[in-house]
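Dropping my_file_3.tsv in here (TSV, C-alpha atoms):
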chain	number	residue	atom	x	y	z
A	1	MET	CA	104.14	85.39	156.44
A	2	GLY	CA	105.73	82.01	157.19
A	3	ASP	CA	104.68	79.81	160.11
A	4	PHE	CA	107.86	80.50	162.07
A	5	ALA	CA	107.61	84.27	161.66
A	6	ALA	CA	103.97	84.15	162.72
A	7	GLY	CA	104.90	82.30	165.91
A	8	LYS	CA	102.88	79.22	164.94
A	9	MET	CA	105.85	76.84	165.04
A	10	LEU	CA	106.75	77.52	168.66
A	11	LYS	CA	103.33	76.63	170.03
A	12	ASP	CA	103.69	73.12	168.57
A	13	VAL	CA	107.07	72.41	170.21
A	14	ALA	CA	106.66	69.82	172.93
A	15	PRO	CA	108.34	70.41	176.27
A	16	ARG	CA	111.44	68.31	177.02
A	17	GLY	CA	110.27	64.80	177.73
A	18	GLU	CA	111.66	62.40	180.27
A	19	ILE	CA	115.37	61.79	179.96
A	20	ILE	CA	116.16	58.16	179.24
A	21	GLU	CA	119.29	55.99	179.16
A	22	ASP	CA	119.87	56.67	175.45
A	23	ASP	CA	119.89	60.44	176.15
A	24	ILE	CA	122.71	60.01	178.69
A	25	LYS	CA	124.70	57.89	176.22
A	26	GLN	CA	124.15	60.44	173.44
A	27	CYS	CA	125.33	63.25	175.73
A	28	PHE	CA	128.57	61.38	176.39
A	29	THR	CA	129.06	60.73	172.67
A	30	ASP	CA	128.50	64.42	171.89
A	31	ILE	CA	130.72	65.62	174.75
A	32	GLU	CA	133.59	63.31	173.87
A	33	SER	CA	133.39	64.40	170.22
A	34	ALA	CA	133.59	68.06	171.28
A	35	LEU	CA	136.47	67.36	173.67
A	36	ALA	CA	138.61	66.07	170.80
A	37	ALA	CA	138.86	69.64	169.50
A	38	LYS	CA	138.31	71.72	172.63
A	39	ALA	CA	140.11	69.77	175.38
A	40	PRO	CA	142.12	66.82	174.04
A	41	ASP	CA	143.97	66.43	177.35
A	42	LEU	CA	140.67	66.04	179.19
A	43	LEU	CA	139.44	63.57	176.56
A	44	LYS	CA	142.58	61.45	176.99
A	45	ALA	CA	142.23	61.44	180.79
A	46	LEU	CA	138.55	60.56	180.45
A	47	GLN	CA	139.23	57.71	178.04
A	48	ASP	CA	141.88	56.35	180.39
A	49	LYS	CA	139.23	56.07	183.12
A	50	GLY	CA	137.24	53.34	181.43
A	51	PRO	CA	133.76	52.27	182.50
A	52	ALA	CA	132.51	51.21	185.92
A	53	SER	CA	130.64	47.94	186.23
A	54	LYS	CA	126.86	48.07	186.12
A	55	ASP	CA	126.60	46.40	189.56
A	56	ASP	CA	128.99	48.91	191.16
A	57	ALA	CA	127.40	51.94	189.50
A	58	CYS	CA	123.83	50.88	190.29
A	59	GLY	CA	124.86	50.09	193.87
A	60	LEU	CA	125.88	53.70	194.56
A	61	LEU	CA	123.96	55.91	192.14
A	62	PRO	CA	120.41	56.52	190.91
A	63	ALA	CA	119.71	54.63	187.67
A	64	LEU	CA	120.30	57.37	185.06
A	65	ALA	CA	123.46	58.64	186.73
A	66	ALA	CA	124.69	55.04	186.90
A	67	VAL	CA	124.49	54.92	183.09
A	68	ALA	CA	127.06	57.74	182.89
A	69	TRP	CA	129.47	55.94	185.21
A	70	GLN	CA	129.07	52.77	183.16
A	71	MET	CA	130.44	54.80	180.25
A	72	ARG	CA	133.28	56.50	182.19
A	73	ASP	CA	134.09	55.98	185.85
A	74	GLY	CA	134.35	59.67	186.70
A	75	GLY	CA	136.86	62.15	185.31
A	76	LEU	CA	134.58	64.33	183.18
A	77	VAL	CA	134.80	68.00	184.17
A	78	ILE	CA	131.37	69.66	184.06
A	79	HIS	CA	131.79	73.41	184.48
A	80	ASP	CA	134.21	73.47	187.42
A	81	HIS	CA	133.40	70.09	188.98
A	82	ARG	CA	135.27	66.89	188.16
A	83	LEU	CA	133.03	63.83	188.34
A	84	LEU	CA	134.33	61.41	190.94
A	85	SER	CA	135.14	57.75	190.43
A	86	LEU	CA	132.92	55.23	192.22
A	87	LYS	CA	135.81	54.51	194.57
A	88	GLU	CA	135.94	58.20	195.53
A	89	ILE	CA	132.15	58.46	195.79
A	90	ALA	CA	132.07	55.60	198.29
A	91	THR	CA	134.42	57.47	200.64
A	92	ILE	CA	132.74	60.90	200.79
A	93	ALA	CA	130.29	61.64	203.59
A	94	VAL	CA	127.30	63.76	202.61
A	95	PRO	CA	123.88	64.45	204.18
A	96	GLU	CA	121.49	61.49	204.41
A	97	GLY	CA	119.67	60.79	201.15
A	98	PHE	CA	122.42	62.25	198.95
A	99	VAL	CA	125.44	60.89	197.10
A	100	ALA	CA	128.47	62.99	196.11
A	101	ILE	CA	129.23	62.85	192.38
A	102	GLY	CA	131.72	65.66	191.79
A	103	LYS	CA	134.23	67.96	193.40
A	104	ASP	CA	135.63	71.36	192.42
A	105	ALA	CA	139.18	72.66	192.94
A	106	ASP	CA	138.20	74.00	196.39
A	107	ASP	CA	136.72	70.62	197.43
A	108	GLY	CA	133.17	71.92	197.02
A	109	LEU	CA	130.82	69.05	196.18
A	110	ILE	CA	127.98	68.42	193.82
A	111	MET	CA	125.54	65.76	194.95
A	112	LEU	CA	122.54	63.84	193.74
A	113	ASP	CA	119.38	63.62	195.79
A	114	LYS	CA	118.72	59.87	195.75
A	115	SER	CA	114.94	60.30	195.87
A	116	SER	CA	114.29	63.18	193.46
A	117	GLY	CA	117.43	62.86	191.31
A	118	GLY	CA	118.10	66.59	191.67
A	119	VAL	CA	121.68	67.89	191.46
A	120	TYR	CA	122.84	70.11	194.34
A	121	GLU	CA	125.94	72.03	195.32
A	122	LEU	CA	126.88	71.37	198.92
A	123	ALA	CA	126.99	74.52	201.03
A	124	ASP	CA	128.15	74.48	204.66
A	125	GLY	CA	127.33	70.81	205.17
A	126	SER	CA	123.67	71.30	204.28
A	127	GLN	CA	121.68	70.34	201.18
A	128	GLY	CA	122.83	73.47	199.40
A	129	ARG	CA	121.53	74.97	196.18
A	130	GLN	CA	119.82	72.95	193.44
A	131	VAL	CA	121.64	73.37	190.12
A	132	ALA	CA	119.51	71.00	188.02
A	133	GLU	CA	116.31	69.00	188.42
A	134	SER	CA	118.10	65.81	187.39
A	135	PHE	CA	121.52	64.48	186.46
A	136	GLY	CA	120.30	64.05	182.88
A	137	LEU	CA	119.37	67.74	182.62
A	138	PHE	CA	122.65	68.72	184.29
A	139	LEU	CA	124.56	66.73	181.68
A	140	GLU	CA	122.42	67.96	178.76
A	141	GLN	CA	122.77	71.62	179.78
A	142	PHE	CA	126.55	71.24	179.94
A	143	ARG	CA	126.62	69.44	176.59
A	144	ASP	CA	124.49	72.14	174.97
A	145	LYS	CA	126.77	74.94	176.22
A	146	LEU	CA	129.85	73.02	175.09
A	147	LEU	CA	128.51	72.33	171.60
A	148	SER	CA	127.25	75.90	171.13
A	149	GLY	CA	130.71	77.33	171.84
A	150	LYS	CA	129.75	78.96	175.14
A	151	LEU	CA	132.56	77.23	177.08
A	152	GLU	CA	136.33	77.26	176.72
A	153	TRP	CA	138.77	74.81	178.36
A	154	ALA	CA	141.41	76.73	180.33
A	155	ASN	CA	143.64	75.73	183.25
A	156	GLY	CA	141.81	72.50	184.00
A	157	THR	CA	138.29	73.92	184.07
A	158	TRP	CA	135.64	75.38	181.79
A	159	ALA	CA	135.33	79.16	181.41
A	160	ALA	CA	132.05	80.65	180.21
A	161	LEU	CA	132.33	82.77	177.07
A	162	SER	CA	130.03	85.74	176.53
For the file at hand, write its structure as structure tokens.
Amino acid sequence: MGDFAAGKMLKDVAPRGEIIEDDIKQCFTDIESALAAKAPDLLKALQDKGPASKDDACGLLPALAAVAWQMRDGGLVIHDHRLLSLKEIATIAVPEGFVAIGKDADDGLIMLDKSSGGVYELADGSQGRQVAESFGLFLEQFRDKLLSGKLEWANGTWAALS
């Protein structure tokens, strides 16, 4: 029996390591490549956004999230939330220790916890529900679903496919 069939391969797989700047950049490269076929209108809008400056991004966002905004100043739609531009981020009030990064069609927010880096949905003005342990994981999980064909672009948002 082969190593994979015997289950030997899985025990040697290392858990996901720390997400670094290059991982964020690779996610954006992969996402933009997928958007060319799946959502060309979103890709065009995203490309029109351009990058934010490093000083501006680092002034408002935790370091790894700031990398994403240095690639595109908002505009990417992740599931049903559109990432905000830095200008929009600066105007949205959220609980102390958080920064808004995205908004859905109903004005629901996703936020980053500035100390832990966790991604949260805002519920009733409180911290809300954690949706990812970090922005990097949030971005990677979206990218993985997009590339594996589990999402379809429809009516300005992503619909999950079974």
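With distances restricted to all atoms listed in the file, A:Phe135 is the closest residue to Ala66 of chain A from A:Phe135, A:Tyr120, A:Trp153, A:Phe98.
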When distances are computed from all atoms listed in the file, which of A:Phe28, A:Trp158, A:Phe138, A:Trp69 shows the smallest separation from Gly117 of chain A?
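Comparing A:Phe28, A:Trp158, A:Phe138, A:Trp69 against Gly117 of chain A, the winner is A:Phe138.
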Write out as a list in words which residues come within 6 Å of segment 107-110 of chain A when counting all atoms listed in the file, dropping same-chain ones fewer than 2 positions away.
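In the requested form, the answer reads Ala100, Ile101, Gly102, Lys103, Asp104, Ala105, Tyr120, Glu121 and Leu122 of chain A.
Each of A:Lys25, A:Arg82, A:Lys87, A:Lys114 was checked against Gln70 of chain A using only C-alpha atoms; the smallest atom-to-atom distance is that of A:Lys25.
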Return the single residue from A:Ala160, A:Leu76, A:Ala68, A:Leu84 that is closest to Ile20 of chain A, with distances computed using all atoms listed in the file.
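Smallest distance to Ile20 of chain A is found for A:Ala68.
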Closest to Gly59 of chain A among A:Leu137, A:Ser33, A:Val99, A:Ile92, using only C-alpha atoms?
A:Val99
Residue nearest Asp48 of chain A among A:Met71, A:Leu151, A:Val94, A:Ala159 (counting only C-alpha atoms):
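Of the candidates, the smallest distance to Asp48 of chain A is held by A:Met71.
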For a cut-off of 8 Å around (117.6, 63.2, 193.5), file coordinates, pick out all residues using all atoms listed in the file and list them as an NGL selection string.
:A and (62 or 98 or 112-119 or 133-134)
Those selected residues, please, written with C-alpha atoms and delivered as a PDB file, in the frame of the given file.
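Final output, again_35.pdb:
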ATOM      1  CA  PRO A  62     120.410  56.520 190.910  1.00  0.00           C
ATOM      2  CA  PHE A  98     122.420  62.250 198.950  1.00  0.00           C
ATOM      3  CA  LEU A 112     122.540  63.840 193.740  1.00  0.00           C
ATOM      4  CA  ASP A 113     119.380  63.620 195.790  1.00  0.00           C
ATOM      5  CA  LYS A 114     118.720  59.870 195.750  1.00  0.00           C
ATOM      6  CA  SER A 115     114.940  60.300 195.870  1.00  0.00           C
ATOM      7  CA  SER A 116     114.290  63.180 193.460  1.00  0.00           C
ATOM      8  CA  GLY A 117     117.430  62.860 191.310  1.00  0.00           C
ATOM      9  CA  GLY A 118     118.100  66.590 191.670  1.00  0.00           C
ATOM     10  CA  VAL A 119     121.680  67.890 191.460  1.00  0.00           C
ATOM     11  CA  GLU A 133     116.310  69.000 188.420  1.00  0.00           C
ATOM     12  CA  SER A 134     118.100  65.810 187.390  1.00  0.00           C
TER      13      SER A 134
END
Just how far from atom CA of Ile31 of chain A is atom CA of Gly97 of chain A, in Å to one decimal?
29.0 Å
What is the atom CA of Gly50 of chain A-atom CA of Gly75 of chain A distance in Å, reported with one decimal?
9.6 Å
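Computed from the coordinates, the atom CA of Asn155 of chain A to atom CA of Val67 of chain A distance equals 28.3 Å.
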Can you list, as a PDB file with C-alpha atoms, in the frame of the given file, every protein, DNA or RNA residue that comes within 9 Å of Gln47 of chain A when you count all atoms listed in the file, leaving out same-chain residues fewer than 5 positions away?
ATOM      1  CA  GLU A  32     133.590  63.310 173.870  1.00  0.00           C
ATOM      2  CA  LEU A  42     140.670  66.040 179.190  1.00  0.00           C
ATOM      3  CA  ARG A  72     133.280  56.500 182.190  1.00  0.00           C
ATOM      4  CA  GLY A  75     136.860  62.150 185.310  1.00  0.00           C
TER       5      GLY A  75
END
Polymer residues at most 10 Å from Glu152 of chain A, all atoms listed in the file, same-chain spacing of 4 or more positions, as number ranges by chain
A: 38-39, 79, 145-146, 157-161
Find the residues around Glu140 of chain A up to 7 Å (all atoms listed in the file counted), leave out those fewer than 4 positions away in its own chain, and share them as an MDAnalysis selection string.
chainID A and resid 27 136 144
